[in-house]
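Here the structure is laid out as structure tokens; the discussion comes afterwards.
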Amino acid sequence: MEYSIVKKDEMRIVGAKILLNNGVNGEINESSMEENFKMVPAFWQAVGQDGRLAKIVSMMDSNSTGVLGVSACMANVENWEYYIAVQTDKEVIEGLEEYIIPASTWAVFKGNGVMPTAIQEVEKRIVTEWLPTSGYEYADAPDIEVYLNQDPSNSQFEVWIPVREDK
């Protein structure tokens with residue numbers, strides 16, 4: 001799998017949020033992951049239909065690359081959260097929430113295809129194929145999906161996985 005390593009400073013995002021299933025006693029399992037893979041596309045559909053997505057996009061900074069899907073599922077948080085958001089310096093609009101993504105290093109994978117299947121397949125391959133043999137380990141920071149266009153039948157996207165060098 002082709003990837004690049006990118007270091008980013010802290011990023012402030014604003015968007016809509018849902019809570020994800022973090023398994024039993026914080027132990028993620030295949031069942032909870034499959035549930036999350038169903039919840040997230042349904043959330044995107046709801047946010048698009050109720051007008052929140054248009055509000056979120058209107059807040060995007062000019063230097064942003066796209067709309068973000070941010071999985072804030074770190075070990076040190078009780079509730080796992082997923083945001084549909086944009087990077088912005090603007091004030092938070094009513095009904096939306098702010099989140100600060102910490103400075104980190106990410107392995108960035110590019111992809112394209114029909115949503116949500118294409119991005120979910122890339123995410124699964126990263127964790128099952130790439131990560132175990134990469135020389136990196138998962139870092140405790142959010143996963144980030146970057147949606148580069150709005151065509152769900154052939155979406156262009158990036159998946160950012162937080163990493164640190166394996167010890």
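Within each chain, counting starts at residue 1; across the structure tokens, chains are named A, B, ... in the order shown, with ligands numbered 1 upward in that order.
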key: For Met60 of chain A: contacts at 12 Å, only C-alpha atoms, fewer than 5 positions along chain excluded, given as a VMD selection string   = chain A and resid 12 to 15 53 to 55 65 to 68 84 to 92
Restricting it to all heavy atoms, dump the selection as a compact mmCIF listing (two decimals), in the first residue's frame.
```
# COMPACT_ATOMS: atom_id res chain seq x y z
N ARG A 12 -7.76 22.81 14.72
CA ARG A 12 -9.07 23.05 15.31
C ARG A 12 -10.11 22.75 14.25
O ARG A 12 -10.05 23.27 13.13
CB ARG A 12 -9.21 24.50 15.75
CG ARG A 12 -10.58 24.84 16.30
CD ARG A 12 -10.66 26.32 16.64
NE ARG A 12 -11.97 26.70 17.09
CZ ARG A 12 -12.92 27.22 16.32
NH1 ARG A 12 -12.70 27.43 15.03
NH2 ARG A 12 -14.09 27.55 16.82
N ILE A 13 -11.08 21.89 14.62
CA ILE A 13 -12.16 21.58 13.70
C ILE A 13 -13.49 21.93 14.36
O ILE A 13 -13.60 21.98 15.58
CB ILE A 13 -12.16 20.10 13.26
CG1 ILE A 13 -12.38 19.16 14.45
CG2 ILE A 13 -10.87 19.76 12.52
CD1 ILE A 13 -12.65 17.72 14.08
N VAL A 14 -14.50 22.15 13.51
CA VAL A 14 -15.86 22.39 13.98
C VAL A 14 -16.78 21.53 13.12
O VAL A 14 -16.62 21.49 11.89
CB VAL A 14 -16.25 23.88 13.88
CG1 VAL A 14 -17.72 24.08 14.19
CG2 VAL A 14 -15.38 24.72 14.81
N GLY A 15 -17.72 20.86 13.78
CA GLY A 15 -18.65 20.03 13.03
C GLY A 15 -19.69 19.37 13.89
O GLY A 15 -19.90 19.74 15.05
N LEU A 53 -24.55 19.74 7.10
CA LEU A 53 -23.36 19.63 6.25
C LEU A 53 -23.10 20.94 5.51
O LEU A 53 -21.97 21.39 5.42
CB LEU A 53 -23.47 18.46 5.27
CG LEU A 53 -22.22 18.16 4.44
CD1 LEU A 53 -21.00 17.93 5.32
CD2 LEU A 53 -22.46 16.97 3.53
N ALA A 54 -24.15 21.56 5.00
CA ALA A 54 -23.98 22.84 4.31
C ALA A 54 -23.41 23.90 5.27
O ALA A 54 -22.54 24.69 4.89
CB ALA A 54 -25.31 23.31 3.73
N LYS A 55 -23.89 23.90 6.52
CA LYS A 55 -23.35 24.85 7.51
C LYS A 55 -21.87 24.56 7.79
O LYS A 55 -21.07 25.48 7.89
CB LYS A 55 -24.13 24.74 8.83
CG LYS A 55 -25.52 25.31 8.78
CD LYS A 55 -26.19 25.15 10.13
CE LYS A 55 -27.62 25.63 10.10
NZ LYS A 55 -28.30 25.43 11.39
N THR A 65 -8.26 21.17 2.81
CA THR A 65 -8.27 20.32 1.62
C THR A 65 -9.61 19.65 1.39
O THR A 65 -9.87 19.16 0.29
CB THR A 65 -7.20 19.22 1.74
OG1 THR A 65 -7.42 18.48 2.94
CG2 THR A 65 -5.81 19.80 1.72
N GLY A 66 -10.48 19.59 2.40
CA GLY A 66 -11.77 18.94 2.21
C GLY A 66 -12.52 18.80 3.52
O GLY A 66 -12.08 19.25 4.57
N VAL A 67 -13.67 18.14 3.42
CA VAL A 67 -14.48 17.85 4.60
C VAL A 67 -13.84 16.65 5.30
O VAL A 67 -13.37 15.72 4.66
CB VAL A 67 -15.94 17.56 4.20
CG1 VAL A 67 -16.78 17.18 5.42
CG2 VAL A 67 -16.55 18.77 3.50
N LEU A 68 -13.86 16.68 6.62
CA LEU A 68 -13.19 15.67 7.42
C LEU A 68 -14.17 14.75 8.14
O LEU A 68 -15.21 15.21 8.62
CB LEU A 68 -12.29 16.33 8.48
CG LEU A 68 -11.32 17.39 8.00
CD1 LEU A 68 -10.61 18.03 9.19
CD2 LEU A 68 -10.31 16.79 7.03
N ILE A 84 -18.08 14.95 11.74
CA ILE A 84 -18.08 15.42 10.36
C ILE A 84 -17.79 16.89 10.49
O ILE A 84 -18.58 17.64 11.08
CB ILE A 84 -19.45 15.18 9.67
CG1 ILE A 84 -19.75 13.69 9.62
CG2 ILE A 84 -19.45 15.82 8.27
CD1 ILE A 84 -21.14 13.36 9.13
N ALA A 85 -16.63 17.33 9.99
CA ALA A 85 -16.16 18.66 10.36
C ALA A 85 -15.25 19.24 9.29
O ALA A 85 -14.91 18.58 8.31
CB ALA A 85 -15.40 18.57 11.68
N VAL A 86 -14.86 20.48 9.53
CA VAL A 86 -13.88 21.16 8.70
C VAL A 86 -12.90 21.88 9.62
O VAL A 86 -13.22 22.23 10.75
CB VAL A 86 -14.51 22.18 7.73
CG1 VAL A 86 -15.36 21.48 6.68
CG2 VAL A 86 -15.31 23.24 8.46
N GLN A 87 -11.70 22.10 9.10
CA GLN A 87 -10.72 22.91 9.81
C GLN A 87 -11.15 24.36 9.66
O GLN A 87 -11.46 24.82 8.55
CB GLN A 87 -9.34 22.69 9.21
CG GLN A 87 -8.25 23.34 10.00
CD GLN A 87 -6.86 22.96 9.47
OE1 GLN A 87 -6.72 22.10 8.63
NE2 GLN A 87 -5.86 23.65 9.99
N THR A 88 -11.21 25.09 10.77
CA THR A 88 -11.69 26.46 10.71
C THR A 88 -11.21 27.27 11.91
O THR A 88 -10.94 26.72 12.97
CB THR A 88 -13.24 26.50 10.65
OG1 THR A 88 -13.68 27.84 10.46
CG2 THR A 88 -13.88 25.95 11.92
N ASP A 89 -11.15 28.58 11.70
CA ASP A 89 -10.89 29.53 12.77
C ASP A 89 -12.16 30.29 13.13
O ASP A 89 -12.14 31.16 14.01
CB ASP A 89 -9.80 30.53 12.36
CG ASP A 89 -8.44 29.88 12.26
OD1 ASP A 89 -8.17 28.94 13.05
OD2 ASP A 89 -7.64 30.29 11.41
N LYS A 90 -13.26 30.00 12.43
CA LYS A 90 -14.52 30.72 12.65
C LYS A 90 -15.18 30.27 13.95
O LYS A 90 -14.91 29.19 14.47
CB LYS A 90 -15.46 30.49 11.47
CG LYS A 90 -14.91 31.09 10.18
CD LYS A 90 -15.84 30.83 9.02
CE LYS A 90 -15.21 31.47 7.77
NZ LYS A 90 -15.62 30.82 6.56
N GLU A 91 -16.09 31.13 14.45
CA GLU A 91 -16.84 30.81 15.66
C GLU A 91 -17.74 29.61 15.42
O GLU A 91 -18.23 29.40 14.31
CB GLU A 91 -17.72 32.00 16.08
CG GLU A 91 -17.05 32.91 17.06
CD GLU A 91 -18.01 33.93 17.63
OE1 GLU A 91 -19.09 33.55 18.12
OE2 GLU A 91 -17.66 35.11 17.55
N VAL A 92 -17.97 28.85 16.48
CA VAL A 92 -18.81 27.67 16.41
C VAL A 92 -20.26 28.11 16.19
O VAL A 92 -20.78 28.96 16.92
CB VAL A 92 -18.70 26.83 17.69
CG1 VAL A 92 -19.62 25.62 17.63
CG2 VAL A 92 -17.26 26.40 17.92
```
ask   = Within 10 Å of segment 147-156 of chain A, counting only C-alpha atoms, which residues qualify if same-chain residues fewer than 4 places away don't, as an MDAnalysis selection string?
value = chainID A and resid 64:69 110:116 118:119
request  = Give me every strand (DSSP E) residue in segment 13-65 of chain A, going by DSSP on the backbone, as an NGL selection string.
outcome  = :A and (13-20)
Closest atom pairs, segment 34-120 of chain A residues within 9 Å of segment 127-144 of chain A, only C-alpha atoms, as a tab-separated table:
```
residue	atom	partner	partner_atom	distance
A:Leu68	CA	A:Ile144	CA	6.6
A:Gly69	CA	A:Ile144	CA	5.8
A:Val70	CA	A:Ile144	CA	4.6
A:Ser71	CA	A:Asp143	CA	5.1
A:Ala72	CA	A:Pro142	CA	4.5
A:Cys73	CA	A:Pro142	CA	6.2
A:Met74	CA	A:Asp140	CA	5.4
A:Ala75	CA	A:Asp140	CA	6.6
A:Asn76	CA	A:Asp140	CA	8.2
A:Ile101	CA	A:Pro142	CA	7.0
A:Pro102	CA	A:Ala141	CA	7.0
A:Ala103	CA	A:Ala141	CA	8.7
A:Ser104	CA	A:Ala141	CA	7.2
A:Thr105	CA	A:Ala139	CA	8.4
A:Trp106	CA	A:Asp143	CA	8.5
```
Take the residues that were just selected and, keeping C-alpha atoms, output them as an mmCIF file, in the first residue's frame.
```cif
data_model
loop_
_atom_site.group_PDB
_atom_site.id
_atom_site.type_symbol
_atom_site.label_atom_id
_atom_site.label_comp_id
_atom_site.auth_asym_id
_atom_site.auth_seq_id
_atom_site.Cartn_x
_atom_site.Cartn_y
_atom_site.Cartn_z
ATOM 1 C CA LEU A 68 -13.185 15.665 7.419
ATOM 2 C CA GLY A 69 -14.450 12.553 9.124
ATOM 3 C CA VAL A 70 -12.603 12.404 12.453
ATOM 4 C CA SER A 71 -12.660 9.333 14.694
ATOM 5 C CA ALA A 72 -11.628 10.504 18.145
ATOM 6 C CA CYS A 73 -11.243 7.004 19.598
ATOM 7 C CA MET A 74 -8.197 7.343 21.788
ATOM 8 C CA ALA A 75 -7.326 5.099 24.706
ATOM 9 C CA ASN A 76 -7.529 7.936 27.231
ATOM 10 C CA ILE A 101 -6.837 17.489 16.991
ATOM 11 C CA PRO A 102 -3.437 17.281 18.692
ATOM 12 C CA ALA A 103 -0.200 17.702 16.774
ATOM 13 C CA SER A 104 0.800 14.287 15.520
ATOM 14 C CA THR A 105 2.333 12.199 12.765
ATOM 15 C CA TRP A 106 0.060 10.361 10.341
#
```
task = Enumerate as a PyMOL selection string all residues of chain A assigned to alpha helix (DSSP H) by DSSP on the backbone, naming them with the chain letters and numbers the document uses.
result = chain A and resi 30-49+52-58+117-125+131-133
ask   = Quick one, how far is atom CA of Glu165 of chain A from atom CA of Tyr3 of chain A?
value =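 Straight-line distance from atom CA of Glu165 of chain A to atom CA of Tyr3 of chain A works out to 14.7 Å.
Across A:Glu10, A:Tyr99, A:Ala16, A:Phe157, the tightest approach to Asp50 of chain A is made by A:Ala16 when counting only C-alpha atoms.
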Distance in Å - atom CA of Val163 of chain A versus atom CA of Lys7 of chain A =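 Atom CA of Val163 of chain A sits 10.0 Å away from atom CA of Lys7 of chain A.
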